[in-house]
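Below is final_27.pdb, which holds PDB, C-alpha atoms, pLDDT in the B column.
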ATOM      1  CA  MET J 810     151.682  92.967  69.987  1.00 65.00           C
ATOM      2  CA  LEU J 811     151.387  89.327  71.074  1.00 84.00           C
ATOM      3  CA  ASN J 812     147.934  87.763  71.027  1.00 92.00           C
ATOM      4  CA  ILE J 813     147.524  86.047  74.392  1.00 96.00           C
ATOM      5  CA  ILE J 814     144.112  84.547  73.439  1.00 96.00           C
ATOM      6  CA  GLU J 815     143.356  83.129  69.987  1.00 96.00           C
ATOM      7  CA  ILE J 816     139.932  81.599  69.321  1.00 96.00           C
ATOM      8  CA  THR J 817     139.540  80.031  65.877  1.00 97.00           C
ATOM      9  CA  ASN J 818     136.322  78.592  64.375  1.00 97.00           C
ATOM     10  CA  VAL J 819     135.008  77.429  67.756  1.00 97.00           C
ATOM     11  CA  LYS J 820     131.668  75.618  67.838  1.00 96.00           C
ATOM     12  CA  LYS J 821     129.594  74.315  70.738  1.00 95.00           C
ATOM     13  CA  TYR J 822     126.201  72.740  70.044  1.00 94.00           C
ATOM     14  CA  PHE J 823     123.703  71.314  72.519  1.00 91.00           C
ATOM     15  CA  ARG J 824     120.957  68.811  71.832  1.00 83.00           C
ATOM     16  CA  LYS J 825     117.606  69.857  73.302  1.00 78.00           C
ATOM     17  CA  ARG J 826     115.236  66.905  73.694  1.00 72.00           C
ATOM     18  CA  GLY J 827     111.849  67.355  72.053  1.00 63.00           C
ATOM     19  CA  PHE J 828     108.627  67.180  74.064  1.00 62.00           C
ATOM     20  CA  PHE J 829     106.476  64.029  74.001  1.00 61.00           C
ATOM     21  CA  GLY J 830     108.829  62.162  71.729  1.00 61.00           C
ATOM     22  CA  GLY J 831     109.102  65.015  69.253  1.00 62.00           C
ATOM     23  CA  LYS J 832     112.171  65.777  67.203  1.00 69.00           C
ATOM     24  CA  ASP J 833     115.234  66.901  69.131  1.00 70.00           C
ATOM     25  CA  ASN J 834     116.500  70.425  68.471  1.00 82.00           C
ATOM     26  CA  ILE J 835     120.110  71.450  68.052  1.00 86.00           C
ATOM     27  CA  VAL J 836     121.001  74.667  69.885  1.00 88.00           C
ATOM     28  CA  LYS J 837     124.025  76.364  68.324  1.00 91.00           C
ATOM     29  CA  ALA J 838     125.294  78.102  71.467  1.00 93.00           C
ATOM     30  CA  VAL J 839     128.641  79.006  69.873  1.00 95.00           C
ATOM     31  CA  ASP J 840     128.690  78.824  66.090  1.00 94.00           C
ATOM     32  CA  ASP J 841     132.032  79.214  64.292  1.00 94.00           C
ATOM     33  CA  VAL J 842     133.437  82.026  66.457  1.00 95.00           C
ATOM     34  CA  SER J 843     136.913  83.496  65.929  1.00 96.00           C
ATOM     35  CA  PHE J 844     138.674  86.391  67.670  1.00 96.00           C
ATOM     36  CA  SER J 845     141.967  87.242  69.375  1.00 95.00           C
ATOM     37  CA  VAL J 846     142.975  89.354  72.358  1.00 96.00           C
ATOM     38  CA  GLU J 847     146.248  91.241  72.725  1.00 95.00           C
ATOM     39  CA  LYS J 848     148.238  90.947  75.931  1.00 95.00           C
ATOM     40  CA  GLY J 849     147.254  93.601  78.471  1.00 95.00           C
ATOM     41  CA  LYS J 850     144.028  94.533  76.636  1.00 96.00           C
ATOM     42  CA  THR J 851     140.319  94.025  77.340  1.00 97.00           C
ATOM     43  CA  PHE J 852     138.074  92.246  74.863  1.00 97.00           C
ATOM     44  CA  GLY J 853     134.418  92.968  75.566  1.00 96.00           C
ATOM     45  CA  LEU J 854     131.904  90.355  74.434  1.00 95.00           C
ATOM     46  CA  VAL J 855     128.389  91.773  74.452  1.00 93.00           C
ATOM     47  CA  GLY J 856     124.964  90.447  73.557  1.00 89.00           C
ATOM     48  CA  GLU J 857     121.529  89.642  74.907  1.00 88.00           C
ATOM     49  CA  SER J 858     120.892  86.791  77.341  1.00 85.00           C
ATOM     50  CA  GLY J 859     121.028  83.427  75.591  1.00 86.00           C
ATOM     51  CA  CYS J 860     123.261  84.585  72.740  1.00 89.00           C
ATOM     52  CA  GLY J 861     126.058  82.192  73.741  1.00 91.00           C
ATOM     53  CA  LYS J 862     128.539  84.534  75.383  1.00 91.00           C
ATOM     54  CA  SER J 863     128.655  82.725  78.755  1.00 90.00           C
ATOM     55  CA  THR J 864     129.140  79.371  76.999  1.00 93.00           C
ATOM     56  CA  LEU J 865     132.041  80.907  75.109  1.00 94.00           C
ATOM     57  CA  ALA J 866     133.478  82.257  78.380  1.00 92.00           C
ATOM     58  CA  LYS J 867     133.371  78.754  79.885  1.00 92.00           C
ATOM     59  CA  ILE J 868     135.133  77.348  76.815  1.00 95.00           C
ATOM     60  CA  VAL J 869     137.928  79.918  77.119  1.00 94.00           C
ATOM     61  CA  ALA J 870     138.153  79.186  80.859  1.00 92.00           C
ATOM     62  CA  GLY J 871     138.421  75.454  80.156  1.00 92.00           C
ATOM     63  CA  ILE J 872     135.203  74.614  82.009  1.00 92.00           C
ATOM     64  CA  GLN J 873     133.622  73.310  78.801  1.00 93.00           C
ATOM     65  CA  ARG J 874     135.222  71.794  75.716  1.00 95.00           C
ATOM     66  CA  PRO J 875     134.329  72.984  72.208  1.00 95.00           C
ATOM     67  CA  ASP J 876     132.899  70.548  69.693  1.00 95.00           C
ATOM     68  CA  SER J 877     135.376  71.852  67.139  1.00 96.00           C
ATOM     69  CA  GLY J 878     137.800  74.703  66.581  1.00 96.00           C
ATOM     70  CA  THR J 879     140.877  75.729  68.548  1.00 96.00           C
ATOM     71  CA  VAL J 880     141.410  77.687  71.758  1.00 96.00           C
ATOM     72  CA  LEU J 881     144.975  78.923  72.228  1.00 96.00           C
ATOM     73  CA  ILE J 882     145.817  80.487  75.596  1.00 95.00           C
ATOM     74  CA  ARG J 883     149.314  81.819  76.187  1.00 94.00           C
ATOM     75  CA  GLY J 884     149.507  81.982  79.981  1.00 93.00           C
ATOM     76  CA  GLU J 885     147.598  81.171  83.145  1.00 94.00           C
ATOM     77  CA  LYS J 886     143.910  82.036  83.390  1.00 94.00           C
ATOM     78  CA  ASP J 887     141.208  82.373  86.015  1.00 94.00           C
ATOM     79  CA  ILE J 888     137.543  83.354  86.044  1.00 93.00           C
ATOM     80  CA  VAL J 889     135.273  85.664  88.047  1.00 93.00           C
ATOM     81  CA  PHE J 890     131.577  84.775  87.883  1.00 87.00           C
ATOM     82  CA  GLN J 891     128.487  86.966  87.901  1.00 83.00           C
ATOM     83  CA  ASP J 892     127.131  86.227  91.368  1.00 80.00           C
ATOM     84  CA  PRO J 893     129.564  86.131  94.309  1.00 76.00           C
ATOM     85  CA  ASN J 894     126.764  84.729  96.482  1.00 78.00           C
ATOM     86  CA  SER J 895     126.930  81.457  94.562  1.00 80.00           C
ATOM     87  CA  SER J 896     130.621  81.448  93.622  1.00 81.00           C
ATOM     88  CA  LEU J 897     131.937  81.862  97.196  1.00 88.00           C
ATOM     89  CA  ASN J 898     131.577  78.893  99.548  1.00 89.00           C
ATOM     90  CA  PRO J 899     129.403  80.125 102.452  1.00 89.00           C
ATOM     91  CA  ARG J 900     130.991  77.578 104.811  1.00 91.00           C
ATOM     92  CA  MET J 901     134.542  78.828 104.275  1.00 91.00           C
ATOM     93  CA  CYS J 902     136.106  81.905 105.859  1.00 91.00           C
ATOM     94  CA  ILE J 903     137.655  84.529 103.616  1.00 90.00           C
ATOM     95  CA  ARG J 904     141.196  83.430 104.429  1.00 90.00           C
ATOM     96  CA  ASP J 905     140.462  79.912 103.131  1.00 91.00           C
ATOM     97  CA  ILE J 906     138.395  81.017 100.131  1.00 91.00           C
ATOM     98  CA  ILE J 907     141.154  83.236  98.764  1.00 92.00           C
ATOM     99  CA  GLY J 908     144.068  80.984  99.693  1.00 90.00           C
ATOM    100  CA  GLU J 909     142.533  77.625  98.779  1.00 87.00           C
ATOM    101  CA  THR J 910     144.234  77.230  95.397  1.00 83.00           C
ATOM    102  CA  LEU J 911     147.660  77.938  96.919  1.00 86.00           C
ATOM    103  CA  LEU J 912     147.011  75.457  99.706  1.00 82.00           C
ATOM    104  CA  ILE J 913     146.163  72.793  97.127  1.00 81.00           C
ATOM    105  CA  ARG J 914     149.500  73.538  95.452  1.00 80.00           C
ATOM    106  CA  GLY J 915     151.242  72.752  98.728  1.00 76.00           C
ATOM    107  CA  GLU J 916     152.384  76.222  99.755  1.00 82.00           C
ATOM    108  CA  LYS J 917     153.025  76.881 103.438  1.00 83.00           C
ATOM    109  CA  ARG J 918     150.162  78.451 105.399  1.00 81.00           C
ATOM    110  CA  SER J 919     152.346  81.340 106.603  1.00 79.00           C
ATOM    111  CA  HIS J 920     153.265  82.220 103.001  1.00 87.00           C
ATOM    112  CA  ILE J 921     149.628  81.917 101.929  1.00 88.00           C
ATOM    113  CA  ASP J 922     148.470  84.271 104.690  1.00 88.00           C
ATOM    114  CA  ASP J 923     150.972  86.884 103.519  1.00 89.00           C
ATOM    115  CA  LYS J 924     149.717  86.558  99.944  1.00 91.00           C
ATOM    116  CA  VAL J 925     146.069  86.766 101.035  1.00 91.00           C
ATOM    117  CA  GLN J 926     146.843  89.997 102.875  1.00 91.00           C
ATOM    118  CA  GLU J 927     148.546  91.367  99.771  1.00 92.00           C
ATOM    119  CA  VAL J 928     145.632  90.637  97.403  1.00 93.00           C
ATOM    120  CA  LEU J 929     143.149  92.049  99.906  1.00 93.00           C
ATOM    121  CA  ARG J 930     145.187  95.244  99.785  1.00 93.00           C
ATOM    122  CA  LEU J 931     145.135  95.154  95.975  1.00 94.00           C
ATOM    123  CA  VAL J 932     141.325  94.901  95.861  1.00 94.00           C
ATOM    124  CA  ARG J 933     141.040  97.753  98.387  1.00 92.00           C
ATOM    125  CA  LEU J 934     139.703  95.751 101.330  1.00 90.00           C
ATOM    126  CA  LYS J 935     140.978  96.297 104.852  1.00 78.00           C
ATOM    127  CA  GLN J 936     143.016  93.260 105.829  1.00 68.00           C
ATOM    128  CA  THR J 937     142.423  93.502 109.562  1.00 65.00           C
ATOM    129  CA  LYS J 938     139.839  91.132 111.043  1.00 72.00           C
ATOM    130  CA  ILE J 939     138.755  89.863 107.608  1.00 80.00           C
ATOM    131  CA  PHE J 940     140.451  86.459 107.651  1.00 83.00           C
ATOM    132  CA  SER J 941     137.946  84.768 109.951  1.00 86.00           C
ATOM    133  CA  ARG J 942     134.769  86.315 108.514  1.00 90.00           C
ATOM    134  CA  TYR J 943     132.372  84.597 106.108  1.00 91.00           C
ATOM    135  CA  PRO J 944     130.857  85.753 102.770  1.00 90.00           C
ATOM    136  CA  HIS J 945     127.432  86.590 104.230  1.00 90.00           C
ATOM    137  CA  GLN J 946     129.085  89.187 106.474  1.00 91.00           C
ATOM    138  CA  PHE J 947     130.024  91.338 103.478  1.00 90.00           C
ATOM    139  CA  SER J 948     128.110  93.521 101.025  1.00 89.00           C
ATOM    140  CA  GLY J 949     127.647  92.455  97.399  1.00 89.00           C
ATOM    141  CA  GLY J 950     130.426  94.728  96.195  1.00 91.00           C
ATOM    142  CA  GLU J 951     132.807  93.486  98.881  1.00 91.00           C
ATOM    143  CA  ARG J 952     132.029  89.870  97.978  1.00 92.00           C
ATOM    144  CA  GLN J 953     132.877  90.560  94.350  1.00 93.00           C
ATOM    145  CA  ARG J 954     136.179  92.131  95.451  1.00 94.00           C
ATOM    146  CA  ILE J 955     136.862  88.930  97.396  1.00 93.00           C
ATOM    147  CA  ALA J 956     136.103  86.894  94.253  1.00 94.00           C
ATOM    148  CA  ILE J 957     138.556  89.068  92.304  1.00 96.00           C
ATOM    149  CA  ALA J 958     141.168  88.606  95.044  1.00 95.00           C
ATOM    150  CA  ARG J 959     140.744  84.834  94.765  1.00 94.00           C
ATOM    151  CA  ALA J 960     141.298  85.074  91.002  1.00 94.00           C
ATOM    152  CA  ILE J 961     144.450  87.208  91.122  1.00 95.00           C
ATOM    153  CA  ILE J 962     146.248  85.444  94.003  1.00 94.00           C
ATOM    154  CA  ARG J 963     147.683  82.862  91.568  1.00 90.00           C
ATOM    155  CA  LYS J 964     149.032  85.732  89.451  1.00 93.00           C
ATOM    156  CA  PRO J 965     147.225  84.745  86.236  1.00 95.00           C
ATOM    157  CA  ASP J 966     147.895  86.422  82.909  1.00 96.00           C
ATOM    158  CA  ILE J 967     144.233  86.345  81.862  1.00 97.00           C
ATOM    159  CA  ILE J 968     140.990  86.824  83.784  1.00 96.00           C
ATOM    160  CA  ILE J 969     137.639  85.889  82.276  1.00 96.00           C
ATOM    161  CA  LEU J 970     134.953  88.142  83.753  1.00 95.00           C
ATOM    162  CA  ASP J 971     131.465  86.704  83.184  1.00 92.00           C
ATOM    163  CA  GLU J 972     128.932  89.470  83.928  1.00 90.00           C
ATOM    164  CA  PRO J 973     130.998  90.548  86.969  1.00 90.00           C
ATOM    165  CA  VAL J 974     128.930  93.640  87.835  1.00 90.00           C
ATOM    166  CA  SER J 975     125.422  92.792  86.615  1.00 85.00           C
ATOM    167  CA  SER J 976     124.212  91.706  90.065  1.00 78.00           C
ATOM    168  CA  LEU J 977     125.444  94.912  91.725  1.00 84.00           C
ATOM    169  CA  ASP J 978     123.891  98.340  92.227  1.00 85.00           C
ATOM    170  CA  VAL J 979     124.972 100.950  89.675  1.00 84.00           C
ATOM    171  CA  SER J 980     127.001 102.927  92.237  1.00 84.00           C
ATOM    172  CA  VAL J 981     128.841  99.749  93.276  1.00 90.00           C
ATOM    173  CA  GLN J 982     129.418  98.760  89.639  1.00 91.00           C
ATOM    174  CA  ALA J 983     131.497 101.894  89.070  1.00 91.00           C
ATOM    175  CA  GLY J 984     133.823 101.016  91.955  1.00 93.00           C
ATOM    176  CA  ILE J 985     134.380  97.460  90.674  1.00 94.00           C
ATOM    177  CA  LEU J 986     134.997  98.619  87.096  1.00 94.00           C
ATOM    178  CA  ASN J 987     137.519 101.217  88.251  1.00 95.00           C
ATOM    179  CA  LEU J 988     139.216  98.564  90.390  1.00 96.00           C
ATOM    180  CA  LEU J 989     139.485  96.222  87.386  1.00 96.00           C
ATOM    181  CA  LYS J 990     141.103  98.979  85.338  1.00 96.00           C
ATOM    182  CA  GLU J 991     143.574  99.740  88.132  1.00 96.00           C
ATOM    183  CA  LEU J 992     144.473  96.062  88.565  1.00 96.00           C
ATOM    184  CA  GLN J 993     144.983  95.699  84.833  1.00 97.00           C
ATOM    185  CA  GLN J 994     147.509  98.533  84.846  1.00 95.00           C
ATOM    186  CA  GLU J 995     149.189  97.378  88.049  1.00 95.00           C
ATOM    187  CA  LEU J 996     149.423  93.658  87.226  1.00 95.00           C
ATOM    188  CA  GLY J 997     149.488  93.663  83.424  1.00 95.00           C
ATOM    189  CA  LEU J 998     146.301  91.595  83.178  1.00 97.00           C
ATOM    190  CA  THR J 999     144.377  90.669  80.046  1.00 97.00           C
ATOM    191  CA  TYR J1000     140.579  90.567  80.328  1.00 97.00           C
ATOM    192  CA  LEU J1001     137.821  88.767  78.474  1.00 97.00           C
ATOM    193  CA  PHE J1002     134.846  90.778  79.716  1.00 96.00           C
ATOM    194  CA  ILE J1003     131.368  89.312  79.170  1.00 94.00           C
ATOM    195  CA  SER J1004     128.296  91.530  79.578  1.00 91.00           C
ATOM    196  CA  HIS J1005     124.842  92.344  78.224  1.00 88.00           C
ATOM    197  CA  ASP J1006     125.316  95.999  79.256  1.00 87.00           C
ATOM    198  CA  LEU J1007     126.780  98.046  76.402  1.00 87.00           C
ATOM    199  CA  ARG J1008     127.569 101.020  78.649  1.00 87.00           C
ATOM    200  CA  VAL J1009     129.709  98.852  80.910  1.00 90.00           C
ATOM    201  CA  VAL J1010     131.477  97.260  77.930  1.00 92.00           C
ATOM    202  CA  GLU J1011     132.176 100.676  76.398  1.00 90.00           C
ATOM    203  CA  PHE J1012     133.785 101.885  79.629  1.00 91.00           C
ATOM    204  CA  ILE J1013     136.221  99.007  80.056  1.00 94.00           C
ATOM    205  CA  SER J1014     136.916  97.507  76.618  1.00 95.00           C
ATOM    206  CA  ASP J1015     139.598  98.115  73.983  1.00 95.00           C
ATOM    207  CA  GLN J1016     137.943  95.831  71.442  1.00 95.00           C
ATOM    208  CA  VAL J1017     134.329  94.635  71.276  1.00 95.00           C
ATOM    209  CA  GLY J1018     132.667  91.591  69.777  1.00 95.00           C
ATOM    210  CA  VAL J1019     128.889  91.718  69.383  1.00 95.00           C
ATOM    211  CA  MET J1020     127.330  88.263  69.691  1.00 94.00           C
ATOM    212  CA  ASN J1021     123.930  87.124  68.439  1.00 93.00           C
ATOM    213  CA  ASN J1022     122.567  83.572  68.093  1.00 92.00           C
ATOM    214  CA  GLY J1023     125.959  82.002  68.730  1.00 93.00           C
ATOM    215  CA  LYS J1024     127.862  84.126  66.213  1.00 94.00           C
ATOM    216  CA  ILE J1025     129.978  87.262  66.465  1.00 95.00           C
ATOM    217  CA  VAL J1026     128.168  89.567  64.063  1.00 95.00           C
ATOM    218  CA  GLU J1027     130.467  92.574  64.483  1.00 94.00           C
ATOM    219  CA  LEU J1028     134.032  92.904  65.719  1.00 94.00           C
ATOM    220  CA  ALA J1029     135.901  96.206  65.987  1.00 92.00           C
ATOM    221  CA  ARG J1030     137.674  98.587  68.310  1.00 93.00           C
ATOM    222  CA  ALA J1031     135.360  99.929  71.014  1.00 91.00           C
ATOM    223  CA  GLU J1032     135.267 103.486  69.688  1.00 91.00           C
ATOM    224  CA  GLU J1033     134.300 102.227  66.211  1.00 91.00           C
ATOM    225  CA  ILE J1034     131.482 100.044  67.541  1.00 90.00           C
ATOM    226  CA  TYR J1035     129.938 102.917  69.471  1.00 89.00           C
ATOM    227  CA  SER J1036     130.508 105.709  66.965  1.00 89.00           C
ATOM    228  CA  ALA J1037     129.788 103.911  63.679  1.00 89.00           C
ATOM    229  CA  PRO J1038     128.197 100.462  64.158  1.00 90.00           C
ATOM    230  CA  LYS J1039     127.930  98.519  60.913  1.00 91.00           C
ATOM    231  CA  HIS J1040     125.640  95.597  61.743  1.00 92.00           C
ATOM    232  CA  LYS J1041     121.874  96.030  62.130  1.00 92.00           C
ATOM    233  CA  TYR J1042     121.859  94.041  65.396  1.00 91.00           C
ATOM    234  CA  THR J1043     124.576  96.248  66.906  1.00 90.00           C
ATOM    235  CA  ARG J1044     122.566  99.354  65.998  1.00 90.00           C
ATOM    236  CA  GLN J1045     119.494  97.824  67.643  1.00 89.00           C
ATOM    237  CA  LEU J1046     121.403  97.150  70.854  1.00 87.00           C
ATOM    238  CA  LEU J1047     122.810 100.670  70.928  1.00 87.00           C
ATOM    239  CA  GLY J1048     119.377 102.114  70.213  1.00 83.00           C
ATOM    240  CA  ALA J1049     117.977 100.305  73.244  1.00 75.00           C
ATOM    241  CA  ILE J1050     120.352 102.024  75.684  1.00 73.00           C
ATOM    242  CA  PRO J1051     118.294 104.376  77.905  1.00 63.00           C
ATOM    243  CA  LYS J1052     119.035 108.020  77.239  1.00 56.00           C
ATOM    244  CA  LEU J1053     120.152 110.008  80.298  1.00 46.00           C
TER     245      LEU J1053
END
Could you show the structure in this file as structure tokens?
Amino acid sequence: MLNIIEITNVKKYFRKRGFFGGKDNIVKAVDDVSFSVEKGKTFGLVGESGCGKSTLAKIVAGIQRPDSGTVLIRGEKDIVFQDPNSSLNPRMCIRDIIGETLLIRGEKRSHIDDKVQEVLRLVRLKQTKIFSRYPHQFSGGERQRIAIARAIIRKPDIIILDEPVSSLDVSVQAGILNLLKELQQELGLTYLFISHDLRVVEFISDQVGVMNNGKIVELARAEEIYSAPKHKYTRQLLGAIPKL
């Protein structure tokens, strides 16, 4: 199977200025990370806040450049962020938010409107009377569906999902995760799914990378990670999952 994402020895360091003229510190946000993702699969990247996973997501998305290493992407990509409240422009109506990238490409407005209607259908939102509404008029789950619609309208091959359900209620999370699975089957999408929630990652991922202090400390198929974790840090994370 073709690897559509190949990350090789990627590093991203940040210099943190010391207080009162003290020595600067080097923060190794991403420290010699390598992994690959097969076309049509989901790679789940999991770890605690501050471990470097969001920095890595931005590098894959092209928002940040690595200090060293290679990022090979075979296809078009887009990204869905954690909080739709901040990622959707509150001054733009839904029609313009979703269709903006096509408008920039020079497509005709009538064609764009047809495509916006189609992606709204794909994300299970009623198309009628939505065009002229604004983000604040929707629930959190609906806003995240709008963010997903904006990502898929360009027909990307890859979607980077950076904590896409962490700001949502548990009941709403399930609907978004099921939608992502359905879209993956329907559109042949490849996902890089970033989360601190191991239960969410288990549900959606084919392969899992466990990240700690900028490094991937364990990498295996999802069922292997959850049934027989090898690294001490992975076992600690799994042990912290609340028992139902």
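With distances taken over all atoms listed in the file, J:Ile962 is the one residue among J:Ile962, J:Thr864, J:Thr999, J:Pro1038 lying closest to Glu909 (chain J).
The point (130.9, 99.1, 75.7) has these residues within 10 Å of it when only C-alpha atoms are used: Phe852, Gly853, Leu854, Val855, Ser1004, His1005, Asp1006, Leu1007, Arg1008, Val1009, Val1010, Glu1011, Phe1012, Ile1013, Ser1014, Asp1015, Gln1016, Val1017, Gly1018, Val1019, Ala1031, Glu1032, Ile1034, Tyr1035 and Leu1047 of chain J.
Applying the 7 Å criterion to (143.1, 85.2, 100.9) in file coordinates and using all atoms listed in the file, one obtains the residues Ile903, Arg904, Asp905, Ile906, Ile907, Gly908, Asp922, Lys924, Val925, Gln926, Val928, Leu929 and Arg959 of chain J.
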Residues matched by the PyMOL selection byres ((chain J and resi 982-996) around 8), written as a PyMOL selection string: chain J and resi 849+931-932+950+953-954+974-975+977-981+997-999+1013
Picked residues, the PyMOL selection byres ((chain J and resi 884-895) around 6), expected as a VMD selection string: chain J and resid 882 to 883 896 to 897 952 to 953 960 965 to 973
Two-atom distance - CA of Cys902 (chain J), CA of Phe940 (chain J) (Å): 6.5 Å
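A straight line drawn from CA of His945 (chain J) to CA of Tyr1000 (chain J) is 27.6 Å long.
Relative to CA of His920 (chain J), CA of Tyr943 (chain J) is found at 21.3 Å.
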For Lys837 (chain J), the nearest of the candidates J:Asp876, J:Glu1027, J:Glu815, J:Glu927, counting only C-alpha atoms: J:Asp876
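Using only C-alpha atoms, the contacts of region 818-825 of chain J at a cut-off of 8 Å, with sequence neighbours closer than 5 positions omitted, comprise Asp833, Asn834, Ile835, Val836, Lys837, Ala838, Val839, Asp840, Asp841, Val842, Ser843, Arg874, Pro875, Asp876, Ser877, Gly878, Thr879 and Val880 of chain J.
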Distance criterion (only C-alpha atoms): nearest to Gln1045 (chain J) out of J:Gln873, J:Gly949, J:Asn1021, J:Ile921: J:Asn1021
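Restricting the calculation to all atoms listed in the file, the smallest distance between Thr1043 (chain J) and any of J:Arg918, J:Ile816, J:Gly856, J:Ile957 is found for J:Gly856.
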Nearby residues (all atoms listed in the file) at most 9 Å from Glu847 (chain J), same-chain spacing under 2 positions excluded, as a ChimeraX atom specification: /J:810-814,845,849-852,999
Mind rebuilding region 1014-1036 of chain J with N, CA and C atoms and writing that out as a PDB file, in the coordinates of the input?
ATOM      1  N   SER J1014     136.370  98.333  77.698  1.00 95.00           N
ATOM      2  CA  SER J1014     136.916  97.507  76.618  1.00 95.00           C
ATOM      3  C   SER J1014     137.789  98.289  75.640  1.00 95.00           C
ATOM      4  N   ASP J1015     138.795  97.592  75.099  1.00 95.00           N
ATOM      5  CA  ASP J1015     139.598  98.115  73.983  1.00 95.00           C
ATOM      6  C   ASP J1015     139.009  97.655  72.656  1.00 95.00           C
ATOM      7  N   GLN J1016     138.550  96.406  72.627  1.00 95.00           N
ATOM      8  CA  GLN J1016     137.943  95.831  71.442  1.00 95.00           C
ATOM      9  C   GLN J1016     136.636  95.165  71.851  1.00 95.00           C
ATOM     10  N   VAL J1017     135.655  95.163  70.949  1.00 95.00           N
ATOM     11  CA  VAL J1017     134.329  94.635  71.276  1.00 95.00           C
ATOM     12  C   VAL J1017     133.877  93.658  70.201  1.00 95.00           C
ATOM     13  N   GLY J1018     133.342  92.523  70.662  1.00 95.00           N
ATOM     14  CA  GLY J1018     132.667  91.591  69.777  1.00 95.00           C
ATOM     15  C   GLY J1018     131.192  91.554  70.141  1.00 95.00           C
ATOM     16  N   VAL J1019     130.340  91.745  69.162  1.00 95.00           N
ATOM     17  CA  VAL J1019     128.889  91.718  69.383  1.00 95.00           C
ATOM     18  C   VAL J1019     128.380  90.337  68.975  1.00 95.00           C
ATOM     19  N   MET J1020     127.728  89.648  69.911  1.00 94.00           N
ATOM     20  CA  MET J1020     127.330  88.263  69.691  1.00 94.00           C
ATOM     21  C   MET J1020     125.815  88.144  69.600  1.00 94.00           C
ATOM     22  N   ASN J1021     125.361  87.347  68.628  1.00 93.00           N
ATOM     23  CA  ASN J1021     123.930  87.124  68.439  1.00 93.00           C
ATOM     24  C   ASN J1021     123.719  85.721  67.877  1.00 93.00           C
ATOM     25  N   ASN J1022     122.875  84.930  68.541  1.00 92.00           N
ATOM     26  CA  ASN J1022     122.567  83.572  68.093  1.00 92.00           C
ATOM     27  C   ASN J1022     123.826  82.733  67.854  1.00 92.00           C
ATOM     28  N   GLY J1023     124.768  82.840  68.783  1.00 93.00           N
ATOM     29  CA  GLY J1023     125.959  82.002  68.730  1.00 93.00           C
ATOM     30  C   GLY J1023     127.082  82.505  67.846  1.00 93.00           C
ATOM     31  N   LYS J1024     126.843  83.593  67.125  1.00 94.00           N
ATOM     32  CA  LYS J1024     127.862  84.126  66.213  1.00 94.00           C
ATOM     33  C   LYS J1024     128.298  85.523  66.632  1.00 94.00           C
ATOM     34  N   ILE J1025     129.534  85.872  66.327  1.00 95.00           N
ATOM     35  CA  ILE J1025     129.978  87.262  66.465  1.00 95.00           C
ATOM     36  C   ILE J1025     129.623  87.974  65.168  1.00 95.00           C
ATOM     37  N   VAL J1026     128.668  88.908  65.267  1.00 95.00           N
ATOM     38  CA  VAL J1026     128.168  89.567  64.063  1.00 95.00           C
ATOM     39  C   VAL J1026     128.928  90.848  63.747  1.00 95.00           C
ATOM     40  N   GLU J1027     129.642  91.388  64.727  1.00 94.00           N
ATOM     41  CA  GLU J1027     130.467  92.574  64.483  1.00 94.00           C
ATOM     42  C   GLU J1027     131.643  92.565  65.446  1.00 94.00           C
ATOM     43  N   LEU J1028     132.798  92.928  64.936  1.00 94.00           N
ATOM     44  CA  LEU J1028     134.032  92.904  65.719  1.00 94.00           C
ATOM     45  C   LEU J1028     134.862  94.117  65.328  1.00 94.00           C
ATOM     46  N   ALA J1029     135.152  94.989  66.294  1.00 92.00           N
ATOM     47  CA  ALA J1029     135.901  96.206  65.987  1.00 92.00           C
ATOM     48  C   ALA J1029     136.423  96.820  67.287  1.00 92.00           C
ATOM     49  N   ARG J1030     137.241  97.841  67.136  1.00 93.00           N
ATOM     50  CA  ARG J1030     137.674  98.587  68.310  1.00 93.00           C
ATOM     51  C   ARG J1030     136.464  99.262  68.949  1.00 93.00           C
ATOM     52  N   ALA J1031     136.525  99.443  70.270  1.00 91.00           N
ATOM     53  CA  ALA J1031     135.360  99.929  71.014  1.00 91.00           C
ATOM     54  C   ALA J1031     134.835 101.245  70.454  1.00 91.00           C
ATOM     55  N   GLU J1032     135.734 102.181  70.157  1.00 91.00           N
ATOM     56  CA  GLU J1032     135.267 103.486  69.688  1.00 91.00           C
ATOM     57  C   GLU J1032     134.559 103.373  68.339  1.00 91.00           C
ATOM     58  N   GLU J1033     134.952 102.404  67.512  1.00 91.00           N
ATOM     59  CA  GLU J1033     134.300 102.227  66.211  1.00 91.00           C
ATOM     60  C   GLU J1033     132.906 101.628  66.378  1.00 91.00           C
ATOM     61  N   ILE J1034     132.789 100.665  67.293  1.00 90.00           N
ATOM     62  CA  ILE J1034     131.482 100.044  67.541  1.00 90.00           C
ATOM     63  C   ILE J1034     130.471 101.084  67.996  1.00 90.00           C
ATOM     64  N   TYR J1035     130.885 101.978  68.870  1.00 89.00           N
ATOM     65  CA  TYR J1035     129.938 102.917  69.471  1.00 89.00           C
ATOM     66  C   TYR J1035     129.719 104.182  68.630  1.00 89.00           C
ATOM     67  N   SER J1036     130.673 104.504  67.783  1.00 89.00           N
ATOM     68  CA  SER J1036     130.508 105.709  66.965  1.00 89.00           C
ATOM     69  C   SER J1036     129.928 105.404  65.587  1.00 89.00           C
TER      70      SER J1036
END
